[in-house]
Amino acid sequence: RQYLTLYPGDFAAWGRLANSEWHLLNDFRAAEASVRRMTSDKYPRLGAGFYMLGVTLLGQERRTEAAKAFATSRQQGFYAFGDLLSRVYQVDRDHAAADRAYAESTSGKQGWQGEAAVVTYIDRARWNDAEAAARGWLAEARDSGEAGQSLRALAALATVQVLAAKADGAVGVRELARAAADPRGSAAANAAVPYAAIEARLIAALLAARQGDRVLLRESITAIGTDPIMRDYPTIGQLHQVVLAEQDRLAGDPAAAIRRLAPLSRRHDSLVMVHWTLLRAARDGGNLRLARAQGRWLAAHRGRAFMEATTTDILRFINIDATNRALLDLAEVAMASGDRAEAARQIAAYEAAVPGDGRGTLERERLL
């Protein structure tokens, strides 16, 4: 920032700052302010600037403005990327429009593949397709010797297995934890980006908590310890608090989890997982008002869930499912409040949002 005070015309520096504000701080407001410097007529890559502006706006749920920014990027001839642009349609579950927008980009000519495919299919609850895309991405990364990409693909695969309640979910989570801890593998290969292994460990811990695996959760927290990366990278620091809150909740102390996360949830840069974990703690602790508020926040922040990047982008897989799952969480809260009609409405909303997914039927049978 001090450098840019002296050299405000350095567009590349503004881009790096905006990228850091997005990935490292989760601060879409600050990123928007920085990236608007890249929408000046003086910037030679104006299309890329407007594309990034669309990202920062969608991350703030300013969907109409984001759509205009993405449209301008295309008018400027920027077609290099299309996955994030397509999400401006997918937030409203207009899947056909999302597919068309992605297919028009350079990266989408062959259809949904790799990371973008995993996110897309998770949102549509096409679990077998999501798993196949993750496995294909992992195989390609391993064949090319890209340890960082292998770790991210492995995180995607483990997330899909857990969310879909696959029989091998526990195995996938432990494989992710081992890969993040292996000093001869991904951690060493990512020496230039040491945060990757730490974030992967935290994702493994979060998925372990989702499965109720207290042993792996405790092992992961112990292994991470007080690594300074959690201080130096704010999004990783937030994720660490999420994992600690899950440990509190599973230990039978949801009140401690609420005390840990409630202050974070009131910040504009809070992670989606802060709200999801706070919802679970509030539900377990009988604080239905707080649980309902977090469920509504999640359902209303699909743009944030798609755009939130963190240091390695591997939270996005669980984020987007949380915005769908929030409808079922709200149904459970409604039933706990004695409002059967509201519970039925939320389950119907889920079934309309994610048609064909069996979780809606299961919750209908369980709750109603």
# chains A, B, ... in the order shown; residues from 1 in each chain; ligands from 1

$ residues_around --residues "Ala71 of chain A" --least-positions-apart "2" --cutoff "9 Å" --atoms "only C-alpha atoms" --output "list in words"
Phe50, Tyr51, Gly54, Ala66, Ala67, Lys68, Ala69, Ser73, Arg74, Gln75, Gln76 and Leu85 of chain A

$ residues_around --residues "Pro228 of chain A" --least-positions-apart "2" --cutoff "12 Å" --atoms "only C-alpha atoms" --output "MDAnalysis selection string"
chainID A and resid 194:195 198 224:226 230:234 236:237 240

$ atom_distance --atom1 "atom CA of Ala197 of chain A" --atom2 "atom CA of Ala181 of chain A"
7.0 Å

$ closest_residue --among "A:Arg292, A:Arg124, A:Arg283, A:Arg45" --to "Ala257 of chain A" --atoms "only C-alpha atoms"
A:Arg283

$ select_by_dssp --residues "segment 54-227 of chain A" --states "alpha helix (DSSP H)" --output "PyMOL selection string"
chain A and resi 54-58+63-75+83-90+95-103+114-123+127-143+147-163+169-181+186-189+195-210+214-224

$ closest_residue --among "A:Gly360, A:Gly303, A:Gly338, A:Gly49" --to "Ser86 of chain A" --atoms "only C-alpha atoms"
A:Gly303

$ residues_around --residues "Ile320 of chain A" --least-positions-apart "2" --cutoff "12 Å" --atoms "only C-alpha atoms" --output "ChimeraX atom specification"
/A:87,90-91,93,118-125,159-160,163,272-273,276,298-309,314-318,322-326

$ closest_residue --among "A:Asp213, A:Asp321, A:Asp99, A:Ala179" --to "Ala164 of chain A" --atoms "only C-alpha atoms"
A:Asp321

$ closest_residue --among "A:Arg201, A:Ala331, A:Asp227, A:Val162" --to "Leu176 of chain A" --atoms "only C-alpha atoms"
A:Arg201

$ closest_residue --among "A:Ser220, A:Ser34, A:Gln2, A:Thr277" --to "Ala245 of chain A" --atoms "only C-alpha atoms"
A:Thr277

$ residues_around --residues "Ala134 of chain A" --least-positions-apart "5" --cutoff "10 Å" --atoms "only C-alpha atoms" --output "list in words"
Gln113, Gly114, Glu115, Ala116, Ala117, Val118, Val119, Asn128, Asp129, Ala139, Glu140, Arg152, Ala153, Leu154, Ala155, Ala156, Leu157, Ala158, Thr159 and Val160 of chain A

$ residues_around --residues "segment 12-16 of chain A" --least-positions-apart "3" --cutoff "8 Å" --atoms "only C-alpha atoms" --output "number ranges by chain"
A: 4, 19-20, 34-35, 37-38

$ residues_around --residues "Arg280 of chain A" --least-positions-apart "5" --cutoff "12 Å" --atoms "only C-alpha atoms" --output "PyMOL selection string"
chain A and resi 209-210+242+245-250+253-255+257-258+261+273-275+285-288+290-295+322+325-326+329-330+332-333
